[in-house]
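K.L.:
Got a structure for you, run_2.cif, holding mmCIF, C-alpha atoms.
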```cif
data_data
loop_
_atom_site.group_PDB
_atom_site.id
_atom_site.type_symbol
_atom_site.label_atom_id
_atom_site.label_comp_id
_atom_site.auth_asym_id
_atom_site.auth_seq_id
_atom_site.Cartn_x
_atom_site.Cartn_y
_atom_site.Cartn_z
ATOM 1 C CA MET X 1 73.059 283.994 117.669
ATOM 2 C CA GLU X 2 69.754 285.240 116.268
ATOM 3 C CA LEU X 3 68.209 288.254 117.992
ATOM 4 C CA SER X 4 65.057 286.359 118.954
ATOM 5 C CA ILE X 5 67.089 283.567 120.585
ATOM 6 C CA LEU X 6 69.378 286.064 122.337
ATOM 7 C CA THR X 7 66.336 287.920 123.721
ATOM 8 C CA PHE X 8 64.925 284.643 125.006
ATOM 9 C CA VAL X 9 68.272 283.683 126.563
ATOM 10 C CA LEU X 10 68.588 286.995 128.427
ATOM 11 C CA ALA X 11 64.978 286.794 129.632
ATOM 12 C CA VAL X 12 65.700 283.308 130.981
ATOM 13 C CA PHE X 13 68.720 284.560 132.943
ATOM 14 C CA VAL X 14 66.704 287.446 134.421
ATOM 15 C CA MET X 15 64.021 284.990 135.552
ATOM 16 C CA ALA X 16 66.563 282.493 136.877
ATOM 17 C CA GLY X 17 68.521 285.187 138.721
ATOM 18 C CA PHE X 18 65.270 286.438 140.238
ATOM 19 C CA ALA X 19 64.458 282.956 141.542
ATOM 20 C CA LYS X 20 67.940 282.617 143.023
ATOM 21 C CA GLY X 21 67.550 285.974 144.756
ATOM 22 C CA VAL X 22 64.260 284.920 146.342
ATOM 23 C CA ILE X 23 64.985 281.325 147.447
ATOM 24 C CA GLY X 24 68.791 281.052 147.195
ATOM 25 C CA LEU X 25 68.909 278.539 144.328
ATOM 26 C CA GLY X 26 67.340 277.716 140.986
ATOM 27 C CA LEU X 27 69.513 279.613 138.485
ATOM 28 C CA PRO X 28 71.087 276.580 136.767
ATOM 29 C CA THR X 29 67.920 274.503 137.065
ATOM 30 C CA ILE X 30 65.621 277.092 135.486
ATOM 31 C CA SER X 31 68.236 278.131 132.933
ATOM 32 C CA MET X 32 68.953 274.590 131.718
ATOM 33 C CA GLY X 33 65.268 273.717 131.599
ATOM 34 C CA LEU X 34 64.239 276.729 129.531
ATOM 35 C CA LEU X 35 67.351 277.109 127.372
ATOM 36 C CA ALA X 36 67.102 273.456 126.355
ATOM 37 C CA VAL X 37 63.800 274.313 124.654
ATOM 38 C CA VAL X 38 65.606 276.350 121.953
ATOM 39 C CA LEU X 39 69.231 275.177 122.250
ATOM 40 C CA SER X 40 70.980 271.828 122.478
ATOM 41 C CA PRO X 41 71.838 270.725 126.044
ATOM 42 C CA VAL X 42 75.582 271.313 125.489
ATOM 43 C CA GLU X 43 74.967 274.825 124.094
ATOM 44 C CA ALA X 44 72.645 275.638 127.006
ATOM 45 C CA ALA X 45 75.207 274.393 129.542
ATOM 46 C CA ALA X 46 77.991 276.397 127.880
ATOM 47 C CA LEU X 47 75.949 279.615 128.126
ATOM 48 C CA LEU X 48 75.103 278.818 131.731
ATOM 49 C CA ILE X 49 78.638 278.366 133.047
ATOM 50 C CA LEU X 50 79.689 282.009 133.453
ATOM 51 C CA PRO X 51 76.427 283.382 134.961
ATOM 52 C CA SER X 52 76.231 280.366 137.265
ATOM 53 C CA LEU X 53 79.861 280.718 138.364
ATOM 54 C CA VAL X 54 79.664 284.458 139.098
ATOM 55 C CA THR X 55 76.397 284.289 141.061
ATOM 56 C CA ASN X 56 77.484 281.199 143.004
ATOM 57 C CA VAL X 57 80.918 282.596 143.908
ATOM 58 C CA TRP X 58 79.137 285.705 145.188
ATOM 59 C CA GLN X 59 76.814 283.539 147.296
ATOM 60 C CA MET X 60 79.711 281.334 148.483
ATOM 61 C CA LEU X 61 81.782 284.282 149.721
ATOM 62 C CA ASP X 62 78.871 286.165 151.303
ATOM 63 C CA GLY X 63 79.224 284.939 154.883
ATOM 64 C CA PRO X 64 81.654 283.938 157.644
ATOM 65 C CA HIS X 65 81.294 280.147 157.371
ATOM 66 C CA LEU X 66 83.325 279.316 154.265
ATOM 67 C CA ARG X 67 86.389 277.910 156.063
ATOM 68 C CA SER X 68 84.391 275.541 158.272
ATOM 69 C CA LEU X 69 82.235 274.478 155.319
ATOM 70 C CA LEU X 70 85.312 273.687 153.229
ATOM 71 C CA ARG X 71 86.560 271.377 155.996
ATOM 72 C CA ARG X 72 83.199 269.698 156.496
ATOM 73 C CA LEU X 73 82.036 269.366 152.882
ATOM 74 C CA TRP X 74 85.228 268.423 151.022
ATOM 75 C CA PRO X 75 84.105 264.765 150.634
ATOM 76 C CA LEU X 76 80.867 265.926 149.004
ATOM 77 C CA ASN X 77 82.654 268.304 146.662
ATOM 78 C CA LEU X 78 85.339 265.782 145.731
ATOM 79 C CA GLY X 79 82.579 263.326 144.886
ATOM 80 C CA VAL X 80 80.910 265.969 142.708
ATOM 81 C CA CYS X 81 84.087 266.426 140.660
ATOM 82 C CA LEU X 82 84.787 262.715 140.238
ATOM 83 C CA GLY X 83 81.148 261.928 139.473
ATOM 84 C CA THR X 84 80.908 264.683 136.866
ATOM 85 C CA TRP X 85 84.066 263.600 135.033
ATOM 86 C CA ALA X 86 83.243 259.896 135.198
ATOM 87 C CA GLY X 87 79.647 260.541 134.174
ATOM 88 C CA ALA X 88 80.713 262.619 131.188
ATOM 89 C CA ALA X 89 82.812 259.712 129.892
ATOM 90 C CA PHE X 90 80.282 256.981 130.674
ATOM 91 C CA LEU X 91 77.080 258.758 129.612
ATOM 92 C CA SER X 92 78.527 260.626 126.613
ATOM 93 C CA GLY X 93 77.832 263.801 128.551
ATOM 94 C CA LEU X 94 75.346 266.486 127.641
ATOM 95 C CA GLY X 95 75.526 265.579 123.969
ATOM 96 C CA GLY X 96 74.152 262.091 124.604
ATOM 97 C CA PRO X 97 70.880 260.928 123.037
ATOM 98 C CA TYR X 98 69.046 260.846 126.358
ATOM 99 C CA GLY X 99 70.072 264.306 127.592
ATOM 100 C CA ALA X 100 66.601 265.883 127.326
ATOM 101 C CA LEU X 101 64.928 262.877 128.978
ATOM 102 C CA ALA X 102 67.468 262.834 131.823
ATOM 103 C CA LEU X 103 67.086 266.579 132.333
ATOM 104 C CA GLY X 104 63.302 266.285 132.475
ATOM 105 C CA ILE X 105 63.474 263.474 135.029
ATOM 106 C CA ALA X 106 65.963 265.406 137.172
ATOM 107 C CA LEU X 107 63.728 268.494 137.126
ATOM 108 C CA MET X 108 60.652 266.461 138.064
ATOM 109 C CA ALA X 109 62.474 264.714 140.909
ATOM 110 C CA TYR X 110 63.668 268.024 142.293
ATOM 111 C CA ALA X 111 60.212 269.604 141.944
ATOM 112 C CA ILE X 112 58.438 266.676 143.646
ATOM 113 C CA SER X 113 60.900 266.762 146.557
ATOM 114 C CA GLY X 114 60.258 270.495 146.917
ATOM 115 C CA LEU X 115 56.452 270.211 146.726
ATOM 116 C CA ALA X 116 56.466 267.344 149.224
ATOM 117 C CA ALA X 117 58.666 269.409 151.571
ATOM 118 C CA LEU X 118 60.713 266.307 152.305
ATOM 119 C CA LYS X 119 62.781 266.668 155.463
ATOM 120 C CA LEU X 120 65.581 264.153 155.726
ATOM 121 C CA THR X 121 68.147 263.859 158.511
ATOM 122 C CA VAL X 122 71.725 262.663 158.081
ATOM 123 C CA PRO X 123 73.572 261.909 161.352
ATOM 124 C CA ALA X 124 77.066 263.345 161.693
ATOM 125 C CA SER X 125 78.551 259.838 161.847
ATOM 126 C CA ALA X 126 77.166 259.056 158.366
ATOM 127 C CA GLU X 127 78.496 262.171 156.636
ATOM 128 C CA ARG X 128 81.871 260.510 155.991
ATOM 129 C CA TRP X 129 80.343 258.003 153.537
ATOM 130 C CA MET X 130 77.102 259.724 152.530
ATOM 131 C CA GLY X 131 78.899 262.909 151.470
ATOM 132 C CA PRO X 132 81.000 261.279 148.725
ATOM 133 C CA LEU X 133 78.011 259.178 147.618
ATOM 134 C CA ALA X 134 75.739 262.225 147.343
ATOM 135 C CA GLY X 135 78.497 264.137 145.574
ATOM 136 C CA ALA X 136 79.227 261.403 143.033
ATOM 137 C CA SER X 137 75.515 260.978 142.290
ATOM 138 C CA THR X 138 75.133 264.714 141.837
ATOM 139 C CA GLY X 139 78.153 264.774 139.546
ATOM 140 C CA ALA X 140 76.790 262.004 137.344
ATOM 141 C CA ILE X 141 73.469 263.837 136.997
ATOM 142 C CA THR X 142 75.339 267.062 136.281
ATOM 143 C CA ALA X 143 77.294 265.390 133.482
ATOM 144 C CA ALA X 144 74.107 264.098 131.876
ATOM 145 C CA THR X 145 71.825 267.102 132.391
ATOM 146 C CA GLY X 146 73.749 270.220 133.452
ATOM 147 C CA VAL X 147 71.586 270.387 136.595
ATOM 148 C CA PHE X 148 73.431 270.013 139.908
ATOM 149 C CA VAL X 149 70.773 270.090 142.614
ATOM 150 C CA ILE X 150 69.939 266.388 143.037
ATOM 151 C CA PRO X 151 70.832 264.926 145.499
ATOM 152 C CA ALA X 152 73.257 267.616 146.752
ATOM 153 C CA VAL X 153 70.575 270.083 147.893
ATOM 154 C CA PRO X 154 68.511 267.539 149.884
ATOM 155 C CA TYR X 155 71.760 266.256 151.423
ATOM 156 C CA LEU X 156 72.842 269.738 152.516
ATOM 157 C CA GLN X 157 69.379 270.382 153.924
ATOM 158 C CA ALA X 158 69.629 267.148 155.938
ATOM 159 C CA ILE X 159 72.960 267.623 157.755
ATOM 160 C CA GLY X 160 71.757 270.242 160.221
ATOM 161 C CA LEU X 161 73.238 273.465 158.859
ATOM 162 C CA THR X 162 71.889 276.795 160.041
ATOM 163 C CA LYS X 163 70.037 278.982 157.535
ATOM 164 C CA ASP X 164 73.095 281.145 156.806
ATOM 165 C CA GLU X 165 75.398 278.113 156.627
ATOM 166 C CA LEU X 166 73.025 276.399 154.203
ATOM 167 C CA VAL X 167 72.898 279.372 151.815
ATOM 168 C CA GLN X 168 76.693 279.609 151.817
ATOM 169 C CA ALA X 169 77.075 275.819 151.475
ATOM 170 C CA LEU X 170 74.788 275.876 148.429
ATOM 171 C CA GLY X 171 76.981 278.547 146.877
ATOM 172 C CA LEU X 172 80.078 276.409 147.530
ATOM 173 C CA SER X 173 78.534 273.225 146.135
ATOM 174 C CA PHE X 174 77.187 274.970 143.032
ATOM 175 C CA THR X 175 80.550 276.659 142.405
ATOM 176 C CA VAL X 176 82.360 273.308 142.477
ATOM 177 C CA SER X 177 79.731 271.744 140.210
ATOM 178 C CA THR X 178 79.986 274.616 137.730
ATOM 179 C CA LEU X 179 83.778 274.322 137.539
ATOM 180 C CA ALA X 180 83.597 270.530 137.147
ATOM 181 C CA LEU X 181 81.032 270.913 134.361
ATOM 182 C CA ALA X 182 83.183 273.550 132.654
ATOM 183 C CA ALA X 183 86.100 271.099 132.657
ATOM 184 C CA THR X 184 83.983 268.444 130.931
ATOM 185 C CA LEU X 185 82.845 270.944 128.288
ATOM 186 C CA ALA X 186 86.334 272.264 127.527
ATOM 187 C CA GLY X 187 86.992 271.932 123.827
ATOM 188 C CA SER X 188 83.402 271.089 122.941
ATOM 189 C CA ALA X 189 81.510 272.770 120.135
ATOM 190 C CA GLY X 190 79.331 274.566 122.658
ATOM 191 C CA LEU X 191 82.287 276.509 124.050
ATOM 192 C CA SER X 192 83.221 279.071 121.401
ATOM 193 C CA LEU X 193 83.956 282.780 121.194
ATOM 194 C CA GLU X 194 80.616 283.470 119.571
ATOM 195 C CA ARG X 195 78.944 282.083 122.709
ATOM 196 C CA ALA X 196 81.132 284.160 125.031
ATOM 197 C CA TRP X 197 79.472 287.540 124.756
ATOM 198 C CA PRO X 198 75.892 286.244 125.234
ATOM 199 C CA SER X 199 77.197 284.511 128.365
ATOM 200 C CA VAL X 200 78.753 287.759 129.617
ATOM 201 C CA ALA X 201 75.465 289.554 128.958
ATOM 202 C CA GLY X 202 73.782 286.737 130.869
ATOM 203 C CA VAL X 203 75.938 287.511 133.906
ATOM 204 C CA ALA X 204 74.764 291.138 133.933
ATOM 205 C CA VAL X 205 71.061 290.391 133.622
ATOM 206 C CA ALA X 206 71.267 287.465 136.064
ATOM 207 C CA LEU X 207 72.784 289.765 138.698
ATOM 208 C CA VAL X 208 70.010 292.286 138.059
ATOM 209 C CA GLY X 209 67.413 289.557 138.442
ATOM 210 C CA MET X 210 69.138 288.267 141.574
ATOM 211 C CA ARG X 211 69.066 291.723 143.142
ATOM 212 C CA LEU X 212 65.373 292.141 142.300
ATOM 213 C CA GLY X 213 64.696 288.757 143.855
ATOM 214 C CA GLN X 214 66.462 289.762 147.049
ATOM 215 C CA VAL X 215 64.243 292.843 147.255
ATOM 216 C CA VAL X 216 61.090 290.805 146.669
ATOM 217 C CA ARG X 217 62.189 288.165 149.191
ATOM 218 C CA ALA X 218 61.735 290.717 151.963
ATOM 219 C CA ARG X 219 58.090 291.254 150.940
ATOM 220 C CA LEU X 220 56.858 287.986 149.435
ATOM 221 C CA SER X 221 56.061 284.815 151.331
ATOM 222 C CA PRO X 222 58.836 282.315 150.451
ATOM 223 C CA VAL X 223 56.351 279.456 150.925
ATOM 224 C CA THR X 224 54.043 280.862 148.240
ATOM 225 C CA PHE X 225 56.898 281.499 145.840
ATOM 226 C CA ARG X 226 58.398 278.027 146.364
ATOM 227 C CA LEU X 227 54.998 276.452 145.607
ATOM 228 C CA TRP X 228 54.756 278.137 142.200
ATOM 229 C CA PHE X 229 58.441 277.641 141.546
ATOM 230 C CA PHE X 230 58.362 273.881 142.051
ATOM 231 C CA ALA X 231 55.007 273.498 140.260
ATOM 232 C CA GLY X 232 56.483 275.259 137.243
ATOM 233 C CA LEU X 233 59.588 273.062 137.336
ATOM 234 C CA LEU X 234 57.427 269.949 137.482
ATOM 235 C CA THR X 235 55.517 271.033 134.367
ATOM 236 C CA LEU X 236 58.703 271.956 132.530
ATOM 237 C CA GLY X 237 60.390 268.686 133.500
ATOM 238 C CA ALA X 238 57.415 266.673 132.265
ATOM 239 C CA TYR X 239 57.521 268.499 128.923
ATOM 240 C CA LEU X 240 61.264 267.906 128.452
ATOM 241 C CA ALA X 241 61.014 264.251 129.474
ATOM 242 C CA ALA X 242 58.164 263.696 127.017
ATOM 243 C CA ARG X 243 60.140 265.439 124.276
ATOM 244 C CA GLY X 244 63.132 263.219 125.035
ATOM 245 C CA LEU X 245 60.986 260.103 124.773
ATOM 246 C CA PHE X 246 59.037 260.972 121.633
#
```
Using the file provided, produce a representation of the structure as structure tokens.
P.N.:
Amino acid sequence: MELSILTFVLAVFVMAGFAKGVIGLGLPTISMGLLAVVLSPVEAAALLILPSLVTNVWQMLDGPHLRSLLRRLWPLNLGVCLGTWAGAAFLSGLGGPYGALALGIALMAYAISGLAALKLTVPASAERWMGPLAGASTGAITAATGVFVIPAVPYLQAIGLTKDELVQALGLSFTVSTLALAATLAGSAGLSLERAWPSVAGVAVALVGMRLGQVVRARLSPVTFRLWFFAGLLTLGAYLAARGLF
């Protein structure tokens, strides 16, 4: 990997880790969006797997609610796995011709939902069928774009979890999505030894960025940060979608 590209990659992971530290999510979304500017979608996703897995496992384990969340959210997470694997076969995965367009649309949808502050409610009686549906949809989008926030994040926000439960549930969902994506990329050209050490370096700088974000979170208004975060994602998504079209 050229030095200029490596520098850009590490800067992206610092920024993405910082965002995750402040608002609890955003590392894969920001990373895929920016890395796809200089790398192919499959190469970007391959570099993302290790930093995403380490930071999400940390978030998943950081709390007392994991056991209850595993019992409650297994339909969602099973749907994520099945949707990712089926989507990879049906959509030709991240190497497909419409990867950049799909990624741009997914980023814009996520950004618009964040800017609109949509607040949905899912009754407990509907979780049995809505969980697998949300998971499978998320998996299909993950297979096509490498981004696993839509519609899993809005779904988790809608089922009435407490703040601490939500943060831990996001870590669990993102961990499952990362592992499912890694399985679809196994044996691809993007997964190679020469990509391993930049990914390891990405883990280190992402953790540094995440820690800095946690420090800033105590001082900065989350509402202000979320506004700029989602506005930036909307702009980036529009650029990638336009590039995919033209």
K.L.:
Show which residues sit within 7 Å of Lys119 of chain X, as a list of chain:residue names. Count only C-alpha atoms, and ignore same-chain residues fewer than 2 positions away.
P.N.:
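Neighbouring residues, sequence-local ones excluded: X:Ala117, X:Thr121, X:Ala158.
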K.L.:
Please evaluate the PyMOL selection byres ((chain X and resi 111-115) around 7) against the structure above and give the resulting residues as a list in words.
P.N.:
Leu107, Met108, Ala109, Tyr110, Ala116, Ala117, Leu118, Leu227, Phe230, Ala231, Leu233 and Leu234 of chain X
K.L.:
On this structure, which residues satisfy the PyMOL selection byres ((chain X and resi 29-38) around 8), written as a list of chain:residue names?
P.N.:
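Checked against the file, the PyMOL selection byres ((chain X and resi 29-38) around 8) matches X:Ile5, X:Val9, X:Val12, X:Phe13, X:Ala16, X:Gly26, X:Leu27, X:Pro28, X:Leu39, X:Ser40, X:Pro41, X:Ala44, X:Ala45, X:Leu48, X:Ala100, X:Leu103, X:Gly104, X:Leu107, X:Gly146, X:Val147, X:Phe148, X:Val149, X:Leu233, X:Leu236, X:Gly237, X:Leu240.
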K.L.:
Out of X:Val215, X:Leu170, X:Leu220, X:Ala140, which residue has the shortest atom-to-atom distance to Thr84 of chain X when counting all atoms listed in the file?
P.N.:
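Among the listed residues, the smallest separation from Thr84 of chain X belongs to X:Ala140.
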K.L.:
Just give me the gap between atom CA of Pro132 of chain X and atom CA of Ser173 of chain X in Å, one decimal is fine.
P.N.:
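Separation of atom CA of Pro132 of chain X and atom CA of Ser173 of chain X: 12.5 Å.
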K.L.:
Quick one: apply the PyMOL selection byres ((chain X and resi 128) around 12) to the file and drop the selected residues here as a ChimeraX atom specification.
P.N.:
/X:71-76,79,122-127,129-135,159
K.L.:
Atom CA of Gly244 of chain X and atom CA of Glu2 of chain X, how far apart in Å?
P.N.:
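Calculated distance between atom CA of Glu2 of chain X and atom CA of Gly244 of chain X is 24.6 Å.
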K.L.:
In Å, rounded to a single decimal, give me how far atom CA of Leu101 of chain X is from atom CA of Thr145 of chain X.
P.N.:
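One can read the atom CA of Thr145 of chain X to atom CA of Leu101 of chain X distance as 8.8 Å.
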K.L.:
Counting only C-alpha atoms, which residue out of X:Leu161, X:Ala206, X:Ala201, X:Val216 sits closest to Leu69 of chain X?
P.N.:
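For Leu69 of chain X, the nearest of the given residues is X:Leu161.
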K.L.:
Could you check the closest approach to Ser199 of chain X for each of X:Ala182, X:Ile49, X:Ala152, X:Leu172 and tell me which residue wins, using all atoms listed in the file?
P.N.:
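The shortest atom-to-atom distance to Ser199 of chain X comes from X:Ile49.
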K.L.:
Which polymer residues have any atom within 8 Å of an atom of Val54 of chain X, counting all atoms listed in the file, with same-chain residues fewer than 4 positions away left out, as an NGL selection string?
P.N.:
:X and (50 or 58 or 203)
K.L.:
Step by step, gather every atom of segment 39-44 of chain X that the file lists, find the box along x, y and z that holds them, add 8 Å on each side, and finally give centre and edge lengths in Å to one decimal, as lines of an AutoDock Vina configuration file.
P.N.:
```
center_x = 72.4
center_y = 273.2
center_z = 124.6
size_x = 22.4
size_y = 20.9
size_z = 20.8
```
K.L.:
I need the residue nearest Ser221 of chain X from this list: X:Ile23, X:Pro154, X:Leu3, X:Gln168. Use all atoms listed in the file for the distance.
P.N.:
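The closest residue to Ser221 of chain X is X:Ile23.
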K.L.:
With distances taken over only C-alpha atoms, which of X:Gly63, X:Gly24, X:Gly99, X:Leu53 is nearest to Thr178 of chain X?
P.N.:
X:Leu53
